[in-house]
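Note: the block below is data_38.csv and it holds CSV, C-alpha atoms.
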chain,number,residue,atom,x,y,z
S,1,MET,CA,32.2,281.5,131.6
S,2,ARG,CA,35.4,280.7,133.6
S,3,GLU,CA,37.0,279.9,130.2
S,4,THR,CA,36.0,283.2,128.8
S,5,LEU,CA,37.4,285.0,131.8
S,6,ALA,CA,40.7,283.1,131.6
S,7,GLU,CA,40.9,283.7,127.9
S,8,TRP,CA,40.5,287.5,128.0
S,9,ARG,CA,42.3,288.4,131.2
S,10,PRO,CA,45.9,288.5,129.8
S,11,ALA,CA,44.8,290.8,127.0
S,12,ILE,CA,42.9,293.1,129.5
S,13,ASP,CA,46.0,293.3,131.7
S,14,ASP,CA,48.2,294.1,128.7
S,15,ALA,CA,45.7,296.9,127.7
S,16,ILE,CA,45.8,298.3,131.2
S,17,ALA,CA,49.6,298.2,131.2
S,18,ASP,CA,49.6,300.1,127.8
S,19,PHE,CA,47.4,302.8,129.5
S,20,LEU,CA,49.1,302.8,132.9
S,21,PRO,CA,52.6,301.3,132.6
S,22,ARG,CA,54.2,299.4,135.5
S,23,ASP,CA,57.3,301.6,135.1
S,24,VAL,CA,56.6,305.4,135.0
S,25,ASP,CA,59.1,307.7,133.3
S,26,THR,CA,59.2,311.3,132.2
S,27,GLU,CA,58.3,310.5,128.6
S,28,TYR,CA,55.1,308.7,129.7
S,29,LEU,CA,54.1,311.5,132.1
S,30,GLU,CA,54.5,314.2,129.4
S,31,SER,CA,52.7,312.2,126.7
S,32,PHE,CA,49.8,311.2,129.0
S,33,PHE,CA,49.4,314.3,131.3
S,34,GLY,CA,51.0,317.0,129.2
S,35,ASP,CA,54.2,319.0,129.7
S,36,PRO,CA,55.0,319.9,133.3
S,37,THR,CA,54.9,323.5,134.4
S,38,TYR,CA,58.2,322.9,136.1
S,39,GLU,CA,59.3,319.3,136.5
S,40,TYR,CA,57.6,315.9,137.2
S,41,ASP,CA,59.1,313.5,139.8
S,42,PRO,CA,58.7,310.1,138.0
S,43,ALA,CA,60.2,308.2,141.0
S,44,GLY,CA,57.7,309.7,143.4
S,45,ILE,CA,54.7,309.1,141.0
S,46,GLN,CA,56.0,305.5,140.6
S,47,ARG,CA,55.9,304.8,144.3
S,48,ALA,CA,52.7,306.7,145.0
S,49,LEU,CA,50.6,305.6,142.0
S,50,SER,CA,51.9,302.9,139.7
S,51,ASP,CA,53.3,300.6,142.4
S,52,PRO,CA,50.2,300.4,144.7
S,53,ILE,CA,47.8,300.1,141.7
S,54,TRP,CA,49.8,297.3,140.1
S,55,ASP,CA,50.2,295.6,143.5
S,56,LEU,CA,46.4,295.3,143.7
S,57,LEU,CA,46.0,294.3,140.0
S,58,ASP,CA,48.6,291.6,140.2
S,59,ARG,CA,46.9,289.9,143.2
S,60,GLY,CA,44.2,288.6,141.0
S,61,GLY,CA,40.6,289.5,140.5
S,62,LYS,CA,38.5,288.0,137.8
S,63,ARG,CA,38.3,291.0,135.5
S,64,TRP,CA,34.6,290.1,135.0
S,65,ARG,CA,33.5,293.6,134.4
S,66,ALA,CA,36.0,294.1,131.6
S,67,VAL,CA,35.1,290.7,130.2
S,68,LEU,CA,31.4,291.4,130.4
S,69,PHE,CA,32.0,294.6,128.5
S,70,LEU,CA,33.7,292.7,125.7
S,71,VAL,CA,30.8,290.1,125.7
S,72,PHE,CA,28.4,292.9,125.2
S,73,VAL,CA,30.4,294.4,122.4
S,74,ASP,CA,30.4,291.0,120.7
S,75,ALA,CA,26.7,290.7,121.3
S,76,PHE,CA,26.1,294.0,119.6
S,77,GLY,CA,27.9,292.8,116.5
S,78,GLU,CA,31.3,294.4,116.8
S,79,ASP,CA,34.8,293.0,117.2
S,80,PRO,CA,35.7,293.0,120.9
S,81,ALA,CA,39.4,293.2,120.2
S,82,GLU,CA,38.9,296.6,118.6
S,83,TYR,CA,37.4,298.0,121.7
S,84,LEU,CA,39.8,296.4,124.2
S,85,PRO,CA,41.1,299.8,125.6
S,86,TYR,CA,37.6,300.7,126.6
S,87,ALA,CA,37.2,297.5,128.6
S,88,CYS,CA,39.9,299.0,131.0
S,89,ILE,CA,37.5,301.7,132.1
S,90,PRO,CA,35.2,299.7,134.3
S,91,GLU,CA,38.1,297.5,135.5
S,92,ILE,CA,40.2,300.5,136.7
S,93,LEU,CA,37.2,302.1,138.2
S,94,HIS,CA,36.3,298.9,140.1
S,95,ASN,CA,39.8,298.5,141.6
S,96,GLY,CA,39.8,302.2,142.6
S,97,THR,CA,36.6,301.7,144.6
S,98,ILE,CA,38.2,298.6,146.3
S,99,ILE,CA,41.2,300.6,147.5
S,100,VAL,CA,39.0,303.4,148.9
S,101,ASP,CA,36.5,300.9,150.4
S,102,ASP,CA,39.2,299.1,152.3
S,103,VAL,CA,40.4,302.4,153.9
S,104,GLU,CA,36.9,303.4,154.8
S,105,ASP,CA,36.1,299.9,156.2
S,106,GLU,CA,39.4,299.5,158.0
S,107,ALA,CA,39.8,296.2,156.1
S,108,SER,CA,42.8,294.0,157.0
S,109,MET,CA,43.1,291.9,153.8
S,110,ARG,CA,42.4,292.1,150.2
S,111,ARG,CA,42.9,289.2,147.7
S,112,GLY,CA,44.8,287.2,150.3
S,113,GLU,CA,47.3,289.9,151.2
S,114,PRO,CA,47.3,293.0,153.5
S,115,ALA,CA,45.0,295.8,152.2
S,116,LEU,CA,47.0,298.5,150.4
S,117,HIS,CA,46.7,301.1,153.1
S,118,HIS,CA,48.5,298.7,155.5
S,119,ILE,CA,51.5,298.6,153.1
S,120,TYR,CA,51.7,302.1,151.6
S,121,GLY,CA,49.8,304.1,154.2
S,122,GLU,CA,46.3,305.6,154.1
S,123,ASP,CA,47.4,308.8,152.3
S,124,VAL,CA,49.0,306.9,149.3
S,125,ALA,CA,46.1,304.4,149.2
S,126,LEU,CA,43.4,307.0,149.1
S,127,ASN,CA,45.2,309.1,146.5
S,128,ALA,CA,45.8,306.1,144.3
S,129,GLY,CA,42.2,304.9,144.7
S,130,ASN,CA,40.8,308.4,143.9
S,131,ALA,CA,43.1,308.7,140.9
S,132,MET,CA,41.6,305.5,139.5
S,133,TYR,CA,38.2,307.3,139.3
S,134,PHE,CA,39.7,309.9,136.9
S,135,LEU,CA,42.4,308.0,135.0
S,136,PRO,CA,39.9,306.1,132.8
S,137,LEU,CA,38.5,309.4,131.5
S,138,LYS,CA,41.8,309.7,129.7
S,139,ILE,CA,40.9,306.7,127.6
S,140,LEU,CA,37.9,308.6,126.2
S,141,ALA,CA,40.1,311.7,125.7
S,142,ARG,CA,42.7,309.7,123.8
S,143,ASP,CA,39.9,308.1,121.7
S,144,PRO,CA,41.5,304.8,120.6
S,145,GLY,CA,38.3,303.9,118.7
S,146,ASN,CA,38.1,307.1,116.8
S,147,LEU,CA,34.6,307.7,118.1
S,148,PRO,CA,32.4,310.6,117.0
S,149,ALA,CA,32.5,313.6,119.4
S,150,GLU,CA,28.8,313.1,120.3
S,151,THR,CA,29.5,309.5,121.3
S,152,ARG,CA,32.4,310.4,123.5
S,153,LEU,CA,30.2,313.2,125.1
S,154,ALA,CA,27.5,310.6,125.8
S,155,ALA,CA,30.0,308.3,127.4
S,156,TYR,CA,31.4,311.1,129.6
S,157,GLU,CA,28.0,312.1,130.8
S,158,MET,CA,27.1,308.5,131.5
S,159,LEU,CA,30.2,307.9,133.6
S,160,ILE,CA,29.7,311.1,135.6
S,161,ASP,CA,26.0,310.1,136.3
S,162,GLU,CA,26.8,306.5,137.4
S,163,LEU,CA,29.9,307.4,139.4
S,164,ASN,CA,27.9,309.9,141.4
S,165,ARG,CA,25.4,307.2,142.2
S,166,THR,CA,28.2,304.8,143.4
S,167,HIS,CA,29.0,307.4,146.2
S,168,LEU,CA,25.3,307.4,147.2
S,169,GLY,CA,25.5,303.7,147.7
S,170,GLN,CA,28.8,303.9,149.6
S,171,GLY,CA,27.4,306.6,151.8
S,172,MET,CA,24.5,304.5,152.8
S,173,ASP,CA,26.7,301.5,153.5
S,174,ILE,CA,29.1,303.5,155.7
S,175,CYS,CA,26.2,305.1,157.6
S,176,TRP,CA,24.6,301.7,158.3
S,177,HIS,CA,27.6,299.9,159.6
S,178,ASN,CA,28.4,302.9,161.9
S,179,GLU,CA,25.0,302.5,163.5
S,180,ARG,CA,24.1,300.0,166.2
S,181,GLU,CA,20.5,299.5,165.3
S,182,VAL,CA,19.7,297.5,162.2
S,183,ARG,CA,17.0,299.8,160.8
S,184,VAL,CA,17.6,299.0,157.1
S,185,SER,CA,14.7,297.9,155.0
S,186,LEU,CA,15.1,295.3,152.2
S,187,ASP,CA,14.4,297.9,149.5
S,188,GLU,CA,17.0,300.3,151.1
S,189,TYR,CA,19.6,297.5,151.1
S,190,LEU,CA,18.9,296.6,147.5
S,191,GLU,CA,19.1,300.3,146.5
S,192,MET,CA,22.5,300.6,148.2
S,193,CYS,CA,23.7,297.6,146.2
S,194,ALA,CA,22.1,299.0,143.0
S,195,CYS,CA,24.1,302.2,143.5
S,196,LYS,CA,27.4,300.9,145.0
S,197,THR,CA,27.8,297.7,143.0
S,198,GLY,CA,25.1,298.0,140.3
S,199,CYS,CA,26.3,301.3,138.9
S,200,LEU,CA,29.7,299.7,138.0
S,201,GLY,CA,27.8,297.0,136.2
S,202,ARG,CA,25.6,299.6,134.5
S,203,ILE,CA,28.8,301.4,133.3
S,204,VAL,CA,29.9,298.2,131.7
S,205,ALA,CA,26.7,297.7,129.8
S,206,ARG,CA,25.9,301.3,128.9
S,207,LEU,CA,29.5,302.0,127.8
S,208,ALA,CA,29.3,299.0,125.4
S,209,ALA,CA,26.0,300.2,124.1
S,210,ILE,CA,27.0,303.8,123.7
S,211,ILE,CA,30.3,303.2,121.8
S,212,THR,CA,28.7,300.7,119.5
S,213,ASP,CA,25.8,303.1,118.8
S,214,GLN,CA,22.9,301.0,120.1
S,215,PRO,CA,19.3,302.3,120.3
S,216,GLU,CA,18.2,303.7,123.7
S,217,ALA,CA,16.0,300.7,124.4
S,218,VAL,CA,18.9,298.3,123.9
S,219,GLU,CA,21.1,300.4,126.3
S,220,ARG,CA,18.2,300.4,128.9
S,221,HIS,CA,17.8,296.6,128.8
S,222,ALA,CA,21.5,296.0,128.9
S,223,ALA,CA,21.9,298.4,131.9
S,224,ALA,CA,19.0,296.6,133.7
S,225,TYR,CA,20.6,293.2,133.1
S,226,ALA,CA,24.0,294.4,134.4
S,227,GLU,CA,22.5,296.1,137.4
S,228,LEU,CA,20.5,293.1,138.5
S,229,THR,CA,23.5,290.8,137.8
S,230,SER,CA,25.7,293.1,139.9
S,231,VAL,CA,23.3,293.1,142.9
S,232,ALA,CA,23.1,289.3,142.7
S,233,PHE,CA,26.9,289.3,142.7
S,234,GLN,CA,27.1,291.5,145.8
S,235,ILE,CA,24.7,289.2,147.6
S,236,GLY,CA,26.7,286.2,146.5
S,237,ASP,CA,29.9,288.0,147.7
S,238,ASP,CA,28.3,288.4,151.2
S,239,ILE,CA,27.3,284.7,151.2
S,240,LEU,CA,30.8,283.7,150.3
S,241,ASP,CA,32.2,285.7,153.3
S,242,VAL,CA,29.9,283.7,155.6
S,243,GLU,CA,30.6,280.3,154.0
S,244,HIS,CA,34.4,281.0,153.9
S,245,SER,CA,34.3,281.8,157.6
S,246,LEU,CA,32.4,278.6,158.3
S,247,GLY,CA,34.9,276.6,156.2
S,248,ARG,CA,32.7,275.9,153.3
S,249,ALA,CA,34.3,277.8,150.5
S,250,GLY,CA,37.7,278.1,148.9
S,251,ASP,CA,40.4,280.7,149.6
S,252,PHE,CA,38.3,283.9,149.5
S,253,GLY,CA,41.2,286.3,150.2
S,254,LYS,CA,39.5,288.1,153.1
S,255,GLU,CA,39.8,288.0,156.9
S,256,PHE,CA,37.8,285.4,158.8
S,257,GLY,CA,34.4,286.9,159.5
S,258,ASN,CA,35.3,290.1,157.6
S,259,ASP,CA,31.7,291.4,157.2
S,260,VAL,CA,30.8,290.7,160.8
S,261,ARG,CA,34.0,292.5,162.1
S,262,GLU,CA,33.1,295.5,159.9
S,263,GLY,CA,29.6,295.6,161.2
S,264,LYS,CA,28.1,295.3,157.7
S,265,LYS,CA,24.3,295.3,157.5
S,266,THR,CA,24.0,292.6,154.8
S,267,LEU,CA,20.8,291.1,153.4
S,268,MET,CA,21.5,288.1,155.7
S,269,VAL,CA,21.8,290.3,158.7
S,270,ILE,CA,18.5,292.2,157.9
S,271,HIS,CA,16.7,288.9,157.5
S,272,ALA,CA,18.2,287.4,160.7
S,273,ILE,CA,17.1,290.4,162.7
S,274,GLU,CA,13.6,290.2,161.4
S,275,ALA,CA,13.5,286.4,162.0
S,276,SER,CA,15.0,286.4,165.5
S,277,ASP,CA,13.4,286.9,168.9
S,278,PRO,CA,14.2,290.3,170.5
S,279,ASP,CA,17.0,289.0,172.7
S,280,ASP,CA,18.8,287.3,169.8
S,281,ALA,CA,18.3,290.3,167.5
S,282,ASN,CA,19.8,292.6,170.2
S,283,ARG,CA,22.8,290.3,170.7
S,284,LEU,CA,23.5,290.2,166.9
S,285,GLU,CA,23.3,294.0,166.8
S,286,GLU,CA,25.7,294.2,169.8
S,287,ILE,CA,28.3,292.0,168.1
S,288,LEU,CA,28.0,294.0,164.8
S,289,GLU,CA,28.3,297.3,166.7
S,290,ALA,CA,31.4,296.3,168.7
S,291,ASP,CA,34.8,297.9,167.7
S,292,THR,CA,36.5,294.6,167.9
S,293,ASN,CA,35.2,291.0,168.0
S,294,THR,CA,36.7,287.7,169.2
S,295,ASP,CA,36.6,284.7,166.9
S,296,GLU,CA,34.0,283.2,169.2
S,297,GLU,CA,31.8,286.3,168.8
S,298,VAL,CA,32.1,286.2,165.1
S,299,LEU,CA,31.1,282.5,165.1
S,300,GLU,CA,28.2,283.3,167.4
S,301,ALA,CA,26.9,285.9,164.8
S,302,LEU,CA,27.4,283.5,161.9
S,303,SER,CA,25.5,280.8,163.9
S,304,MET,CA,22.6,283.2,164.1
S,305,LEU,CA,22.6,283.7,160.4
S,306,GLU,CA,22.5,279.9,160.0
S,307,ALA,CA,19.8,279.3,162.6
S,308,THR,CA,17.5,281.8,160.9
S,309,ARG,CA,18.3,280.3,157.4
S,310,SER,CA,19.4,283.7,156.3
S,311,VAL,CA,22.1,282.4,154.0
S,312,GLU,CA,19.5,280.3,152.2
S,313,TYR,CA,17.2,283.3,152.0
S,314,ALA,CA,19.9,285.5,150.6
S,315,ARG,CA,20.8,282.8,148.0
S,316,GLU,CA,17.2,282.6,146.9
S,317,ARG,CA,17.0,286.4,146.5
S,318,ALA,CA,20.2,286.4,144.5
S,319,LEU,CA,19.0,283.6,142.2
S,320,GLY,CA,15.7,285.6,141.8
S,321,LEU,CA,17.6,288.7,140.7
S,322,ALA,CA,19.6,286.6,138.3
S,323,GLU,CA,16.4,285.3,136.8
S,324,GLN,CA,15.1,288.9,136.3
S,325,ALA,CA,18.4,289.7,134.6
S,326,ARG,CA,17.9,286.9,132.1
S,327,ALA,CA,14.5,288.4,131.1
S,328,HIS,CA,16.4,291.5,129.9
S,329,VAL,CA,18.7,289.3,127.9
S,330,ASP,CA,15.7,288.1,126.0
S,331,ALA,CA,14.6,291.7,125.4
S,332,LEU,CA,18.0,292.5,123.8
S,333,ASP,CA,17.3,290.2,120.9
S,334,VAL,CA,20.9,289.3,120.3
S,335,GLU,CA,22.2,286.1,118.7
S,336,SER,CA,21.8,282.9,120.6
S,337,GLU,CA,25.5,282.4,121.4
S,338,ALA,CA,25.8,285.8,122.9
S,339,ALA,CA,22.5,285.4,124.8
S,340,GLU,CA,23.8,282.1,126.2
S,341,GLN,CA,27.0,283.8,127.4
S,342,LEU,CA,25.1,286.5,129.2
S,343,THR,CA,22.7,284.0,130.7
S,344,GLU,CA,25.5,281.8,131.9
S,345,PHE,CA,27.2,284.8,133.5
S,346,THR,CA,24.2,285.5,135.8
S,347,GLY,CA,24.6,282.0,137.2
S,348,PHE,CA,28.4,282.3,137.6
S,349,VAL,CA,28.2,285.4,139.8
S,350,VAL,CA,25.8,283.8,142.2
S,351,GLU,CA,27.1,280.2,142.3
S,352,ARG,CA,30.8,280.8,142.2
S,353,ASP,CA,32.9,279.4,145.2
S,354,VAL,CA,35.8,282.0,145.2

Structure rendered as structure tokens:
Amino acid sequence: MRETLAEWRPAIDDAIADFLPRDVDTEYLESFFGDPTYEYDPAGIQRALSDPIWDLLDRGGKRWRAVLFLVFVDAFGEDPAEYLPYACIPEILHNGTIIVDDVEDEASMRRGEPALHHIYGEDVALNAGNAMYFLPLKILARDPGNLPAETRLAAYEMLIDELNRTHLGQGMDICWHNEREVRVSLDEYLEMCACKTGCLGRIVARLAAIITDQPEAVERHAAAYAELTSVAFQIGDDILDVEHSLGRAGDFGKEFGNDVREGKKTLMVIHAIEASDPDDANRLEEILEADTNTDEEVLEALSMLEATRSVEYARERALGLAEQARAHVDALDVESEAAEQLTEFTGFVVERDV
């Protein structure tokens, strides 16, 4: 899977650059957005949109959502290269959510460098992030695959539906980490992940199914696979934050103890609260609720997650979700090579070390 990601990433970045060039000029703005009523300011748009967006994209990221889209297209019997522009849709959306999330979470770092709002300001970062929710719709409007009108309409409706659900998930997450008490149930946490992270995965799968004209049952199984895989990815991401902070993972590109400092109610925190005695549970809630934490307090919280075996619990849950995802691969009834790629991918998102 790492080889597949490495193989496709340059082509994906080139496709994004064709759609959203690094250097903005009047010709591009007029061809993409239409003639101005008065006059565009290419230099201003360059600094406020293109520069921050490409700053984030150039920092890395695995492009796994775009690659998974292409894997699905291949599994559905079509040439992935012909649908490469559509792979940009979930990738641009994902990076837009990152920019907005970092502002809302008051994050310090992203992919090993200062979060964009610390470089460009919150106003520019929020505008760029929000623009990335809407820019991908232009890909469907430009219709590089010459899709039937009803197919493009189905894709539009799917994107609107799933993007609305991502904001439900983000809303729950924001509310929880602004509360002192850890009152979140396991099912509520998983629903938050299914909305916030899972919906982007569902977009990947459903878009591939829609534009290749798959039956409804195929779209449903592909979406379930992608949602379960995405939730497993989110849990794996939370585990990496803990292991990175304890010095057991590679360069994760985030601040030491990032999730503890942000007061996030992760699956590990929920489990640790339930498994701890009242005094320890109250202390963990106190650390998570604090506006700022010392490194010693962060390590204290992480030690509680270790003592309650919450990391191991979260990993087991992630692996269980990955196994459920594989069952939907079997239901897709695709060729063995494509099925193997999809199955390998579920393991990659849980067991990766960066």

>> Just want the 8 Å neighbourhood of range 229-245 of chain S, counted on only C-alpha atoms, with same-chain residues fewer than 6 positions away dropped. Output as a ChimeraX atom specification.
In response: /S:190,193-194,197-198,200-201,251-252,254,256-259,266-267,302,311,314-315,317-319,321-322,325,346,349-351,353-354

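Taking only C-alpha atoms, the non-local environment of Glu286 in chain S within 12 Å (same-chain residues fewer than 2 positions away omitted) comprises His177, Glu179, Arg180, Glu181, Val182, Val260, Arg261, Gly263, Ile273, Asp279, Asp280, Ala281, Asn282, Arg283, Leu284, Leu288, Glu289, Ala290, Asp291, Thr292, Asn293, Glu297, Val298, Glu300 and Ala301 of chain S.
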
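Between Ile119 in chain S and the residues S:Asp51, S:Asp74, S:Asp161, S:Glu262, the shortest atom-to-atom distance, using all atoms listed in the file, involves S:Asp51.
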
> Residues at most 12 Å from Asp14 in chain S, counting all atoms listed in the file, excluding those fewer than 4 positions away in the same chain, as number ranges by chain?
Replying inline: S: 8-10, 18-22, 54, 57-58, 84-85, 87-88

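Take the candidates S:Phe69, S:Ala226, S:Ser303, S:Leu93 and check each one against Leu135 in chain S using only C-alpha atoms; the shortest distance goes to S:Leu93.
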
> What is the CA of Glu162 in chain S to CA of Arg202 in chain S distance in Å?
Replying inline: 7.6 Å

> Hey, which of S:Ala224, S:Ala272, S:Ile53, S:Ala327 ends up closest to Met304 in chain S? Count only C-alpha atoms.
Replying inline: S:Ala272

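Closest approach to Ala17 in chain S among S:Ser50, S:Leu56, S:Leu140, S:Val184 is made by S:Ser50 (distances from all atoms listed in the file).
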
Range 104-129 of chain S rebuilt with N, CA and C atoms, output as a CSV table (one decimal), in the coordinates of the input:
chain,number,residue,atom,x,y,z
S,104,GLU,N,38.1,303.0,154.1
S,104,GLU,CA,36.9,303.4,154.8
S,104,GLU,C,36.4,302.3,155.8
S,105,ASP,N,36.5,301.0,155.3
S,105,ASP,CA,36.1,299.9,156.2
S,105,ASP,C,37.1,299.4,157.2
S,106,GLU,N,38.3,300.0,157.1
S,106,GLU,CA,39.4,299.5,158.0
S,106,GLU,C,39.7,298.0,157.7
S,107,ALA,N,39.6,297.6,156.5
S,107,ALA,CA,39.8,296.2,156.1
S,107,ALA,C,41.3,295.8,156.4
S,108,SER,N,41.4,294.5,156.7
S,108,SER,CA,42.8,294.0,157.0
S,108,SER,C,43.4,293.4,155.8
S,109,MET,N,42.6,292.7,155.0
S,109,MET,CA,43.1,291.9,153.8
S,109,MET,C,42.3,292.2,152.6
S,110,ARG,N,43.0,292.0,151.5
S,110,ARG,CA,42.4,292.1,150.2
S,110,ARG,C,43.1,291.1,149.2
S,111,ARG,N,42.3,290.2,148.7
S,111,ARG,CA,42.9,289.2,147.7
S,111,ARG,C,44.0,288.4,148.3
S,112,GLY,N,43.9,288.1,149.6
S,112,GLY,CA,44.8,287.2,150.3
S,112,GLY,C,46.1,287.9,150.8
S,113,GLU,N,46.2,289.2,150.7
S,113,GLU,CA,47.3,289.9,151.2
S,113,GLU,C,46.8,291.2,152.0
S,114,PRO,N,47.7,291.8,152.7
S,114,PRO,CA,47.3,293.0,153.5
S,114,PRO,C,46.7,294.1,152.5
S,115,ALA,N,45.6,294.7,153.0
S,115,ALA,CA,45.0,295.8,152.2
S,115,ALA,C,46.1,296.9,151.9
S,116,LEU,N,46.0,297.6,150.8
S,116,LEU,CA,47.0,298.5,150.4
S,116,LEU,C,47.4,299.5,151.4
S,117,HIS,N,46.4,300.0,152.2
S,117,HIS,CA,46.7,301.1,153.1
S,117,HIS,C,47.6,300.6,154.3
S,118,HIS,N,47.6,299.3,154.5
S,118,HIS,CA,48.5,298.7,155.5
S,118,HIS,C,50.0,298.6,155.0
S,119,ILE,N,50.1,298.7,153.7
S,119,ILE,CA,51.5,298.6,153.1
S,119,ILE,C,52.0,300.0,152.7
S,120,TYR,N,51.2,300.8,152.1
S,120,TYR,CA,51.7,302.1,151.6
S,120,TYR,C,51.2,303.3,152.4
S,121,GLY,N,50.3,303.0,153.4
S,121,GLY,CA,49.8,304.1,154.2
S,121,GLY,C,48.4,304.6,153.6
S,122,GLU,N,47.6,305.2,154.5
S,122,GLU,CA,46.3,305.6,154.1
S,122,GLU,C,46.4,306.7,153.0
S,123,ASP,N,47.3,307.6,153.2
S,123,ASP,CA,47.4,308.8,152.3
S,123,ASP,C,47.7,308.3,150.8
S,124,VAL,N,48.7,307.4,150.7
S,124,VAL,CA,49.0,306.9,149.3
S,124,VAL,C,47.8,306.1,148.8
S,125,ALA,N,47.2,305.2,149.6
S,125,ALA,CA,46.1,304.4,149.2
S,125,ALA,C,44.9,305.2,148.7
S,126,LEU,N,44.6,306.2,149.5
S,126,LEU,CA,43.4,307.0,149.1
S,126,LEU,C,43.7,307.8,147.8
S,127,ASN,N,44.9,308.3,147.7
S,127,ASN,CA,45.2,309.1,146.5
S,127,ASN,C,45.2,308.2,145.3
S,128,ALA,N,45.8,307.0,145.4
S,128,ALA,CA,45.8,306.1,144.3
S,128,ALA,C,44.4,305.6,143.9
S,129,GLY,N,43.6,305.3,144.9
S,129,GLY,CA,42.2,304.9,144.7
S,129,GLY,C,41.4,306.0,144.0
